[in-house]
Amino acid sequence: MCGDCMQLKSNFKSKDDVQFIVGTNVRKACKEKKINLMEFAEEIDISYEYLRHIVSIGGQKSLSFYSMYKIAKILGISMDELCDGIFEDDKIDYNKYKE
């Protein structure tokens, strides 16, 4: 692997970090728009339990790209907003995401 590729790979966030950020962004958007999570889960065609694990602190479940698209569409936000924080080079400051 080329040197530049190795450096890029070492800058990847962990899967847990990415799930945490996306889950937090979903939770915040739902809260801001006063969206009921049970109804929202039905709209995006996933179980309430699964959605609860996505938005819980720690982001315990991952999402497919299509589910992320549906979430963003229903929330009226861009995919960029849904993924806000993923592409920052810094280590995650988990305090930034606390409510």
# chains A, B, ... in the order shown; residues from 1 in each chain; ligands from 1
call {"tool": "residues_around", "arguments": {"residues": "Lys61 in chain A", "least_positions_apart": "4", "cutoff": "9 Å", "atoms": "only C-alpha atoms", "output": "mmCIF file with C-alpha atoms, in the first residue's frame"}}
result
data_model
loop_
_atom_site.group_PDB
_atom_site.id
_atom_site.type_symbol
_atom_site.label_atom_id
_atom_site.label_comp_id
_atom_site.auth_asym_id
_atom_site.auth_seq_id
_atom_site.Cartn_x
_atom_site.Cartn_y
_atom_site.Cartn_z
ATOM 1 C CA ASP A 16 -18.233 2.933 16.817
ATOM 2 C CA GLN A 19 -22.297 5.177 14.617
ATOM 3 C CA PHE A 20 -22.149 7.417 17.683
ATOM 4 C CA GLY A 23 -27.023 8.355 16.077
ATOM 5 C CA TYR A 50 -33.631 -0.810 16.482
ATOM 6 C CA LEU A 51 -34.096 2.968 16.202
ATOM 7 C CA HIS A 53 -30.381 1.553 19.754
ATOM 8 C CA ILE A 54 -29.310 3.876 16.925
ATOM 9 C CA VAL A 55 -30.101 7.069 18.809
#
call {"tool": "atom_distance", "arguments": {"atom1": "CA of Tyr66 in chain A", "atom2": "CA of Leu82 in chain A"}}
result
12.8 Å
call {"tool": "residues_around", "arguments": {"residues": "Lys70 in chain A", "least_positions_apart": "6", "cutoff": "12 Å", "atoms": "only C-alpha atoms", "output": "list in words"}}
result
Val26, Phe40, Ala41, Glu42, Glu43, Ile44, Asp45, Ile46, Leu63, Ser64, Gly76, Ile77, Ser78, Met79 and Leu82 of chain A
call {"tool": "closest_residue", "arguments": {"among": "A:Lys33, A:Ser56, A:Glu49, A:Met38", "to": "Ile21 in chain A", "atoms": "only C-alpha atoms"}}
result
A:Ser56
call {"tool": "atom_distance", "arguments": {"atom1": "CA of Phe12 in chain A", "atom2": "CA of Glu32 in chain A"}}
result
29.4 Å
call {"tool": "select_by_dssp", "arguments": {"residues": "range 2-74 of chain A", "states": "alpha helix (DSSP H)", "output": "MDAnalysis selection string"}}
result
chainID A and resid 3:10 15:32 37:44 48:55 65:74
call {"tool": "closest_residue", "arguments": {"among": "A:Ser47, A:Gln60, A:Ile74, A:Leu37", "to": "Val22 in chain A", "atoms": "only C-alpha atoms"}}
result
A:Gln60
call {"tool": "atom_distance", "arguments": {"atom1": "CA of Lys73 in chain A", "atom2": "CA of Ser14 in chain A"}}
result
25.7 Å
call {"tool": "decode", "arguments": {"residues": "range 40-55 of chain A", "atoms": "N, CA and C atoms", "output": "compact mmCIF listing (two decimals), in the first residue's frame"}}
result
# COMPACT_ATOMS: atom_id res chain seq x y z
N PHE A 40 -41.64 7.68 14.00
CA PHE A 40 -40.52 7.86 13.08
C PHE A 40 -39.98 6.51 12.61
N ALA A 41 -39.88 5.56 13.54
CA ALA A 41 -39.41 4.22 13.19
C ALA A 41 -40.32 3.59 12.13
N GLU A 42 -41.63 3.77 12.29
CA GLU A 42 -42.57 3.24 11.29
C GLU A 42 -42.35 3.90 9.93
N GLU A 43 -42.12 5.21 9.94
CA GLU A 43 -41.91 5.95 8.69
C GLU A 43 -40.69 5.46 7.92
N ILE A 44 -39.63 5.12 8.65
CA ILE A 44 -38.40 4.69 7.97
C ILE A 44 -38.31 3.17 7.86
N ASP A 45 -39.38 2.50 8.32
CA ASP A 45 -39.52 1.06 8.16
C ASP A 45 -38.45 0.25 8.89
N ILE A 46 -38.20 0.66 10.15
CA ILE A 46 -37.36 -0.14 11.03
C ILE A 46 -38.08 -0.26 12.36
N SER A 47 -37.71 -1.20 13.17
CA SER A 47 -38.39 -1.37 14.45
C SER A 47 -38.01 -0.23 15.40
N TYR A 48 -38.93 0.05 16.30
CA TYR A 48 -38.67 1.07 17.31
C TYR A 48 -37.44 0.70 18.13
N GLU A 49 -37.34 -0.58 18.47
CA GLU A 49 -36.21 -1.05 19.27
C GLU A 49 -34.88 -0.78 18.56
N TYR A 50 -34.85 -1.04 17.26
CA TYR A 50 -33.63 -0.81 16.48
C TYR A 50 -33.30 0.69 16.46
N LEU A 51 -34.31 1.52 16.22
CA LEU A 51 -34.10 2.97 16.20
C LEU A 51 -33.61 3.44 17.57
N ARG A 52 -34.18 2.90 18.61
CA ARG A 52 -33.76 3.28 19.96
C ARG A 52 -32.29 2.99 20.17
N HIS A 53 -31.81 1.88 19.64
CA HIS A 53 -30.38 1.55 19.75
C HIS A 53 -29.52 2.48 18.90
N ILE A 54 -30.05 2.95 17.79
CA ILE A 54 -29.31 3.88 16.92
C ILE A 54 -29.10 5.22 17.62
N VAL A 55 -30.17 5.73 18.23
CA VAL A 55 -30.10 7.07 18.81
C VAL A 55 -29.64 7.10 20.26
